[in-house]
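model21.tsv follows; it contains TSV, C-alpha atoms.
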chain	number	residue	atom	x	y	z
A	300	ARG	CA	33.40	-23.49	-16.09
A	301	GLY	CA	31.05	-25.64	-14.01
A	302	ALA	CA	31.52	-29.23	-12.98
A	303	ASP	CA	29.91	-30.45	-16.20
A	304	GLY	CA	32.14	-28.26	-18.34
A	305	GLU	CA	29.42	-25.69	-19.09
A	306	ARG	CA	30.59	-22.11	-19.22
A	307	LEU	CA	29.30	-20.03	-16.27
A	308	PRO	CA	28.18	-16.42	-16.84
A	309	ALA	CA	30.72	-13.82	-15.98
A	310	ARG	CA	30.10	-11.49	-13.04
A	311	ALA	CA	30.18	-8.57	-15.43
A	312	ASP	CA	27.35	-10.14	-17.44
A	313	VAL	CA	25.26	-10.67	-14.32
A	314	GLY	CA	25.90	-7.12	-13.21
A	315	ALA	CA	24.92	-5.77	-16.61
A	316	ASP	CA	21.65	-7.72	-16.51
A	317	GLY	CA	20.96	-6.39	-13.02
A	318	ASP	CA	21.65	-2.82	-14.11
A	319	ALA	CA	19.36	-3.19	-17.13
A	320	MET	CA	16.56	-4.51	-14.91
A	321	ALA	CA	17.06	-1.65	-12.44
A	322	VAL	CA	16.87	0.88	-15.27
A	323	ALA	CA	13.64	-0.69	-16.52
A	324	VAL	CA	12.08	-0.58	-13.04
A	325	ASP	CA	13.14	3.04	-12.56
A	326	ALA	CA	11.62	3.96	-15.91
A	327	ARG	CA	8.28	2.42	-14.93
A	328	ILE	CA	8.33	4.28	-11.62
A	329	GLU	CA	9.06	7.54	-13.42
A	330	TRP	CA	6.05	6.95	-15.67
A	331	PHE	CA	3.96	6.26	-12.56
A	332	TRP	CA	4.88	9.65	-11.09
A	333	CYS	CA	4.21	11.34	-14.44
A	334	ALA	CA	0.75	9.73	-14.53
A	335	LEU	CA	0.05	10.88	-10.97
A	336	ILE	CA	1.09	14.43	-11.85
A	337	ALA	CA	-1.13	14.35	-14.95
A	338	CYS	CA	-4.10	13.14	-12.89
A	339	SER	CA	-3.56	15.96	-10.40
A	340	MET	CA	-3.45	18.49	-13.23
A	341	CYS	CA	-6.68	17.06	-14.67
A	342	ALA	CA	-8.33	17.31	-11.27
A	343	THR	CA	-7.29	20.95	-11.05
A	344	ALA	CA	-8.61	21.62	-14.56
A	345	ARG	CA	-11.90	19.95	-13.70
A	346	ALA	CA	-12.25	22.10	-10.57
A	347	ARG	CA	-11.74	25.20	-12.69
A	348	GLY	CA	-14.34	24.10	-15.23
A	349	VAL	CA	-12.04	23.67	-18.22
A	350	VAL	CA	-12.65	19.94	-18.64
A	351	PRO	CA	-15.20	18.86	-21.28
A	352	GLY	CA	-18.69	18.19	-19.99
A	353	VAL	CA	-18.60	14.47	-20.82
A	354	VAL	CA	-15.61	14.03	-18.50
A	355	ARG	CA	-17.33	15.99	-15.74
A	356	ARG	CA	-20.41	13.79	-16.10
A	357	GLY	CA	-18.23	10.69	-15.89
A	358	VAL	CA	-16.69	11.97	-12.68
A	359	ALA	CA	-20.17	12.76	-11.37
A	360	VAL	CA	-21.23	9.14	-11.94
A	361	ALA	CA	-18.36	7.93	-9.78
A	362	ALA	CA	-19.23	10.58	-7.18
A	363	ARG	CA	-22.70	9.05	-6.64
A	364	ARG	CA	-21.04	6.45	-4.38
A	365	GLY	CA	-23.08	3.53	-5.63
A	366	LYS	CA	-26.52	5.14	-5.35
A	367	ASP	CA	-29.03	4.31	-8.04
A	368	GLY	CA	-28.68	6.49	-11.07
A	369	ASP	CA	-29.96	6.67	-14.63
A	370	TRP	CA	-27.55	3.93	-15.69
A	371	ALA	CA	-29.41	1.46	-13.43
A	372	ARG	CA	-32.83	2.13	-14.96
A	373	ASP	CA	-32.30	2.54	-18.69
A	374	GLY	CA	-33.91	-0.31	-20.61
A	375	ASP	CA	-35.56	-2.15	-17.72
A	376	GLY	CA	-37.54	0.53	-15.91
A	377	GLY	CA	-35.59	-0.19	-12.75
A	378	ARG	CA	-37.24	-3.61	-12.37
A	379	PRO	CA	-35.17	-6.73	-11.78
A	380	GLY	CA	-35.44	-9.14	-14.66
A	381	GLY	CA	-36.25	-6.48	-17.29
A	382	ARG	CA	-35.34	-6.88	-20.90
A	383	GLY	CA	-32.11	-4.94	-20.39
A	384	ARG	CA	-30.87	-7.40	-17.79
A	385	GLY	CA	-28.66	-9.68	-19.82
A	386	ARG	CA	-25.12	-10.88	-19.59
A	387	GLU	CA	-23.78	-7.51	-20.70
A	388	ARG	CA	-25.88	-5.81	-18.05
A	389	ARG	CA	-24.55	-8.02	-15.32
A	390	VAL	CA	-21.01	-7.31	-16.44
A	391	VAL	CA	-21.74	-3.60	-16.27
A	392	ASP	CA	-23.27	-4.00	-12.81
A	393	VAL	CA	-20.18	-5.83	-11.55
A	394	MET	CA	-17.88	-3.21	-13.04
A	395	MET	CA	-19.91	-0.37	-11.53
A	396	SER	CA	-19.97	-2.05	-8.12
A	397	VAL	CA	-16.19	-2.22	-8.21
A	398	VAL	CA	-15.89	1.39	-9.36
A	399	MET	CA	-18.23	2.55	-6.58
A	400	THR	CA	-16.50	0.58	-3.83
A	401	ARG	CA	-15.46	2.54	-0.76
A	402	VAL	CA	-13.19	1.32	2.03
A	403	PRO	CA	-12.90	2.60	5.62
A	404	HIS	CA	-10.68	5.63	6.00
A	405	ARG	CA	-8.99	3.79	8.85
A	406	TRP	CA	-7.32	1.64	6.22
A	407	PHE	CA	-5.02	4.60	5.71
A	408	GLN	CA	-2.83	2.77	8.23
A	409	HIS	CA	-2.10	0.14	5.60
A	410	PHE	CA	-0.19	2.70	3.55
A	411	TYR	CA	2.44	3.09	6.23
A	412	VAL	CA	2.67	-0.62	6.94
A	413	VAL	CA	3.49	-1.12	3.26
A	414	GLY	CA	5.78	1.92	3.30
A	415	VAL	CA	7.77	0.77	6.33
A	416	CYS	CA	8.22	-2.75	4.96
A	417	ALA	CA	9.07	-1.59	1.42
A	418	ASN	CA	11.53	1.03	2.61
A	419	ALA	CA	13.20	-1.39	5.04
A	420	TRP	CA	13.78	-3.81	2.16
A	421	THR	CA	15.01	-1.03	-0.13
A	422	LEU	CA	17.29	0.36	2.58
A	423	SER	CA	18.82	-3.06	3.15
A	424	SER	CA	19.42	-3.54	-0.57
A	425	ALA	CA	20.84	-0.03	-0.97
A	426	ALA	CA	23.23	-0.53	1.93
A	427	LYS	CA	24.55	-3.68	0.25
A	428	ARG	CA	24.89	-1.96	-3.14
A	429	ALA	CA	26.52	1.15	-1.75
A	430	GLY	CA	30.27	1.42	-2.05
A	431	GLY	CA	32.60	3.96	-0.53
A	432	ARG	CA	31.35	6.83	-2.70
A	433	ASP	CA	29.83	9.97	-1.22
A	434	GLU	CA	26.74	9.79	-3.41
A	435	ASP	CA	25.84	6.34	-2.12
A	436	ALA	CA	26.22	7.48	1.47
A	437	TYR	CA	23.80	10.36	0.85
A	438	VAL	CA	21.19	8.04	-0.66
A	439	VAL	CA	21.40	5.55	2.18
A	440	TYR	CA	21.17	8.43	4.65
A	441	ALA	CA	18.03	9.73	2.91
A	442	LEU	CA	16.47	6.26	3.07
A	443	VAL	CA	17.20	6.10	6.81
A	444	LEU	CA	15.46	9.45	7.29
A	445	PHE	CA	12.54	8.31	5.14
A	446	GLN	CA	12.21	5.21	7.33
A	447	VAL	CA	12.04	7.47	10.40
A	448	HIS	CA	9.29	9.48	8.72
A	449	LEU	CA	7.30	6.37	7.78
A	450	CYS	CA	7.59	4.91	11.29
A	451	ARG	CA	6.35	8.20	12.75
A	452	ARG	CA	3.38	8.26	10.38
A	453	LEU	CA	2.57	4.63	11.20
A	454	TYR	CA	2.62	5.48	14.91
A	455	GLU	CA	0.39	8.52	14.34
A	456	SER	CA	-2.08	6.61	12.19
A	457	VAL	CA	-2.50	3.97	14.90
A	458	PHE	CA	-2.22	5.92	18.16
A	459	VAL	CA	-2.85	9.61	17.33
A	460	SER	CA	-5.27	9.97	14.43
A	461	VAL	CA	-9.02	9.77	15.08
A	462	TYR	CA	-11.12	8.24	12.30
A	463	SER	CA	-14.84	8.71	11.85
A	464	SER	CA	-16.79	5.45	11.68
A	465	CYS	CA	-18.57	6.66	8.53
A	466	ALA	CA	-15.48	8.07	6.78
A	467	ARG	CA	-14.74	6.27	3.51
A	468	MET	CA	-12.27	6.58	0.66
A	469	HIS	CA	-12.55	5.29	-2.87
A	470	VAL	CA	-10.95	1.92	-3.50
A	471	ALA	CA	-8.95	3.48	-6.37
A	472	ALA	CA	-7.43	5.98	-3.91
A	473	TYR	CA	-6.61	3.09	-1.59
A	474	VAL	CA	-4.85	1.10	-4.32
A	475	LEU	CA	-3.05	4.25	-5.50
A	476	GLY	CA	-1.85	4.92	-1.95
A	477	LEU	CA	-0.43	1.42	-1.65
A	478	ALA	CA	1.34	1.81	-4.99
A	479	TYR	CA	2.66	5.22	-3.95
A	480	TYR	CA	4.42	3.93	-0.85
A	481	ALA	CA	5.68	0.87	-2.68
A	482	CYS	CA	7.33	3.12	-5.29
A	483	ALA	CA	8.53	5.99	-3.10
A	484	SER	CA	11.43	4.12	-1.49
A	485	GLN	CA	12.65	2.79	-4.84
A	486	SER	CA	12.56	6.33	-6.20
A	487	TRP	CA	15.01	7.53	-3.55
A	488	ALA	CA	17.17	4.42	-4.08
A	489	SER	CA	17.32	5.10	-7.83
A	490	ALA	CA	19.74	7.93	-7.03
A	491	LEU	CA	22.44	5.40	-6.16
A	492	GLY	CA	25.59	5.76	-8.25
A	493	ASP	CA	26.72	3.19	-10.79
A	494	GLY	CA	30.20	2.86	-9.47
A	495	VAL	CA	31.98	4.94	-12.14
A	496	GLY	CA	31.88	8.29	-10.37
A	497	ALA	CA	34.85	10.57	-10.70
A	498	VAL	CA	36.93	11.76	-7.77
A	499	THR	CA	35.03	14.49	-6.00
A	500	PRO	CA	36.71	17.90	-6.05
A	501	VAL	CA	36.79	19.81	-2.78
A	502	VAL	CA	34.34	22.59	-3.71
A	503	PRO	CA	31.57	20.33	-5.08
A	504	HIS	CA	32.04	18.04	-2.09
A	505	LEU	CA	31.53	20.93	0.35
A	506	ALA	CA	28.55	22.22	-1.62
A	507	SER	CA	26.99	18.77	-1.61
A	508	ALA	CA	27.53	18.42	2.13
A	509	ALA	CA	26.06	21.87	2.78
A	510	LEU	CA	22.90	21.04	0.82
A	511	ALA	CA	22.63	17.75	2.69
A	512	VAL	CA	22.74	19.65	5.97
A	513	CYS	CA	20.06	22.05	4.73
A	514	GLY	CA	17.97	19.07	3.62
A	515	THR	CA	18.29	17.48	7.06
A	516	VAL	CA	17.15	20.71	8.73
A	517	LEU	CA	14.12	20.92	6.41
A	518	PHE	CA	13.33	17.27	7.06
A	519	ILE	CA	13.36	17.81	10.83
A	520	ILE	CA	11.28	20.99	10.58
A	521	GLY	CA	8.74	19.28	8.35
A	522	ASN	CA	8.40	16.20	10.56
A	523	VAL	CA	8.12	18.11	13.82
A	524	ASN	CA	5.49	20.49	12.48
A	525	GLN	CA	3.53	17.75	10.73
A	526	HIS	CA	3.33	15.81	13.98
A	527	ARG	CA	2.06	18.93	15.76
A	528	CYS	CA	-0.56	19.42	13.05
A	529	HIS	CA	-1.79	15.84	13.34
A	530	VAL	CA	-2.07	16.18	17.12
A	531	ILE	CA	-4.11	19.38	16.67
A	532	LEU	CA	-6.45	17.68	14.17
A	533	ALA	CA	-6.83	14.60	16.39
A	534	ASN	CA	-7.75	16.76	19.40
A	535	LEU	CA	-10.42	18.51	17.32
A	536	ARG	CA	-11.99	15.19	16.36
A	537	ARG	CA	-12.14	13.71	19.86
A	538	GLY	CA	-15.79	14.33	20.58
A	539	LYS	CA	-15.72	18.07	19.89
A	540	ARG	CA	-18.39	19.99	18.00
A	541	SER	CA	-18.04	23.24	16.20
A	542	ARG	CA	-18.91	26.33	18.23
A	543	ASP	CA	-18.27	28.68	15.35
A	544	GLU	CA	-21.08	27.48	13.08
A	545	PRO	CA	-23.86	25.39	14.70
A	546	SER	CA	-24.82	23.97	11.29
A	547	VAL	CA	-21.44	22.27	10.95
A	548	ARG	CA	-21.36	19.43	13.46
A	549	SER	CA	-18.26	17.51	14.49
A	550	TYR	CA	-16.02	19.98	12.66
A	551	ALA	CA	-14.05	22.94	13.93
A	552	ILE	CA	-11.44	25.33	12.66
A	553	PRO	CA	-7.94	24.04	13.49
A	554	ARG	CA	-5.86	26.56	15.39
A	555	GLY	CA	-2.28	26.71	16.55
A	556	GLY	CA	1.08	26.08	14.94
A	557	TRP	CA	1.25	26.36	11.18
A	558	PHE	CA	-2.54	26.22	11.02
A	559	GLU	CA	-2.52	29.91	11.91
A	560	ARG	CA	-1.11	30.53	8.44
A	561	PHE	CA	-2.23	27.60	6.25
A	562	SER	CA	-5.50	25.73	5.94
A	563	CYS	CA	-3.63	22.48	5.25
A	564	ALA	CA	-0.52	23.00	7.36
A	565	HIS	CA	0.09	19.24	7.59
A	566	TYR	CA	0.39	19.15	3.80
A	567	THR	CA	2.78	22.09	3.84
A	568	ALA	CA	4.95	20.26	6.37
A	569	GLU	CA	4.98	17.14	4.22
A	570	ILE	CA	6.18	19.09	1.20
A	571	VAL	CA	8.92	20.68	3.32
A	572	LEU	CA	10.25	17.32	4.49
A	573	TYR	CA	10.14	15.84	0.97
A	574	VAL	CA	12.08	18.81	-0.39
A	575	GLY	CA	14.61	18.19	2.37
A	576	LEU	CA	15.08	14.58	1.26
A	577	LEU	CA	15.46	15.73	-2.34
A	578	LEU	CA	18.23	18.13	-1.34
A	579	ILE	CA	20.04	15.25	0.32
A	580	VAL	CA	19.99	12.90	-2.68
A	581	ALA	CA	20.23	15.53	-5.44
A	582	PRO	CA	23.72	16.87	-4.63
A	583	SER	CA	25.18	13.38	-4.99
A	584	HIS	CA	24.62	13.48	-8.76
A	585	VAL	CA	24.43	17.15	-9.52
A	586	TYR	CA	27.90	17.73	-8.08
A	587	ILE	CA	29.63	14.37	-8.02
A	588	THR	CA	28.92	11.99	-10.89
A	589	THR	CA	29.69	14.14	-13.92
A	590	ARG	CA	31.99	11.84	-15.86
A	591	GLY	CA	31.94	13.38	-19.29
A	592	ASP	CA	29.99	15.37	-21.84
A	593	ASP	CA	27.91	12.36	-22.85
A	594	VAL	CA	26.72	11.64	-19.34
A	595	ASP	CA	23.44	13.02	-18.02
A	596	ALA	CA	24.27	13.96	-14.43
A	597	PHE	CA	20.59	14.23	-13.63
A	598	ARG	CA	19.63	10.79	-14.93
A	599	ASN	CA	19.63	9.09	-11.54
A	600	ILE	CA	17.64	11.79	-9.79
A	601	ARG	CA	14.77	11.98	-12.26
A	602	ALA	CA	12.67	9.63	-10.14
A	603	PRO	CA	13.22	11.59	-6.88
A	604	ILE	CA	12.41	14.86	-8.64
A	605	LEU	CA	9.24	13.41	-10.19
A	606	LEU	CA	8.28	11.94	-6.81
A	607	VAL	CA	8.46	15.36	-5.13
A	608	CYS	CA	6.57	16.98	-8.02
A	609	ALA	CA	3.86	14.32	-7.71
A	610	VAL	CA	3.58	14.95	-3.96
A	611	VAL	CA	3.26	18.71	-4.49
A	612	ALA	CA	0.69	18.30	-7.29
A	613	ASN	CA	-1.42	15.81	-5.36
A	614	LEU	CA	-1.40	17.78	-2.10
A	615	ALA	CA	-2.16	21.01	-3.96
A	616	VAL	CA	-5.39	19.48	-5.30
A	617	ALA	CA	-6.39	18.23	-1.84
A	618	ALA	CA	-5.47	21.55	-0.22
A	619	ARG	CA	-7.63	23.46	-2.66
A	620	ALA	CA	-10.64	21.29	-1.82
A	621	HIS	CA	-10.07	21.59	1.93
A	622	HIS	CA	-9.56	25.35	1.78
A	623	GLU	CA	-12.73	25.91	-0.22
A	624	TRP	CA	-14.66	23.67	2.17
A	625	TYR	CA	-13.53	25.76	5.15
A	626	LEU	CA	-14.50	28.97	3.37
A	627	ALA	CA	-17.93	27.59	2.45
A	628	ASN	CA	-18.78	26.14	5.86
A	629	PHE	CA	-17.26	28.82	8.09
A	630	PRO	CA	-18.00	31.95	6.03
A	631	SER	CA	-18.04	34.41	8.92
A	632	THR	CA	-15.42	32.99	11.26
A	633	TYR	CA	-12.71	31.49	9.08
A	634	PRO	CA	-9.49	33.58	9.22
A	635	SER	CA	-9.24	35.56	6.00
A	636	HIS	CA	-5.44	35.69	6.08
A	637	ARG	CA	-5.01	31.92	5.80
A	638	THR	CA	-3.90	30.45	2.52
A	639	ALA	CA	-4.40	26.87	1.40
A	640	LEU	CA	-0.88	25.50	1.21
A	641	PHE	CA	1.86	28.03	0.46
A	642	PRO	CA	2.64	31.53	1.73
A	643	SER	CA	0.91	34.31	-0.21
A	644	PHE	CA	-0.75	31.76	-2.43
A	645	THR	CA	-4.45	30.98	-2.25
A	646	PHE	CA	-6.67	28.64	-4.19
A	647	ALA	CA	-9.78	30.66	-3.49
A	648	SER	CA	-11.40	31.65	-6.78
Could the structure of this file be written out as structure tokens, please?
Amino acid sequence: RGADGERLPARADVGADGDAMAVAVDARIEWFWCALIACSMCATARARGVVPGVVRRGVAVAARRGKDGDWARDGDGGRPGGRGRGRERRVVDVMMSVVMTRVPHRWFQHFYVVGVCANAWTLSSAAKRAGGRDEDAYVVYALVLFQVHLCRRLYESVFVSVYSSCARMHVAAYVLGLAYYACASQSWASALGDGVGAVTPVVPHLASAALAVCGTVLFIIGNVNQHRCHVILANLRRGKRSRDEPSVRSYAIPRGGWFERFSCAHYTAEIVLYVGLLLIVAPSHVYITTRGDDVDAFRNIRAPILLVCAVVANLAVAARAHHEWYLANFPSTYPSHRTALFPSFTFAS
């Protein structure tokens, strides 16, 4: 009891409230990854022409990048002060101006600033929550590796990458990128155990350690090759012009490293390193925390799995667009053996 005789909450009650809040946050993050996967699937369906025409027209409106369209002329003949210019019209104009907003592509750096800060906070919290269990050690280790990756990407975005002065990205993509890096760290941390794990048998322990080693190797391979890819792309953009197709200025075919096999080798490398991180955190609950028939051993790794699926889905959509652009703009010189993202898998229709 307190000094005034009031009963203080028990530690168990506080812990239960904290666990319930963590579960609620994890659930929202899982829904976020599901929504991102669904959006990627819709983008793929739209590219293949299976989306209804009204949706395609809606996307086309957003693709006009703020230029005057039919929506700006209906009812007032395009003249300021026409009969259609009322309060509702002004509201529509404001909404459309927000929808059409583009931000400099250089703001991509903000993603990694947010990612580094968010992951540092999550890593600190996870280290405090972690006990002496193997699964907690794997999660903290994965967060340390993720921090290394984010710091490398922040360095590259500031000192390596070359941004065009006219390059823009949609404000929705910018906001989504900030949300992505704010949620990614928490997704890895959601694999932390709840402190009731059973004693780890020898065989599952060795299997978990072996997968963690494999995950570390994949993480290193992915990071090293992604850095090489970004250096190759940056060198291409430093004042070079295409010699392959005179009609395509300031662009060239990337060559060297994984680009000899994939059009978007930097995306392939990112998927490799994310799969490596998943292998590190997944064994901790697939092999260790089975405590009974009523316990879902995969519950705590749903968020990491959905995160990796969202990364693959999102990069697959971007890789398809990049691959088709290369094929369209370098029809005679682009290597025919290259695939978009994965070995023996092409998005070319």
(request) Return the single residue from A:Ala581, A:Val474, A:Leu444, A:Cys528 that is closest to A:Ile604, with distances computed using only C-alpha atoms. (result) A:Ala581
(message) For A:Gln408, find every residue with an atom within 7 Å (counting all atoms listed in the file), except residues of its own chain fewer than 3 positions away, and show them as a PyMOL selection string.
(response) chain A and resi 405+411-412+453+456-457
(request) Have a look at atom CA of A:Val470 and atom CA of A:Val402 and let me know their distance in Å, one decimal. (result)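 Here the two named atoms are 6.0 Å from each other.
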(message) Would you pick out the contacts of A:Ala417 at 12 Å or less, using all atoms listed in the file, so that residues sharing its chain but fewer than 5 positions from it are not included, and give the list as a count of residues only?
(response) 23
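Residue nearest A:Leu576, chosen from A:Ala426, A:Ile519, A:Leu614, A:Leu626 and counting all atoms listed in the file: A:Ile519.
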(message) Just to confirm, what's the straight-line distance from atom CA of A:Val443 to atom CA of A:Ile579 in Å (one decimal)?
(response)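 These two atoms are separated by 11.6 Å.
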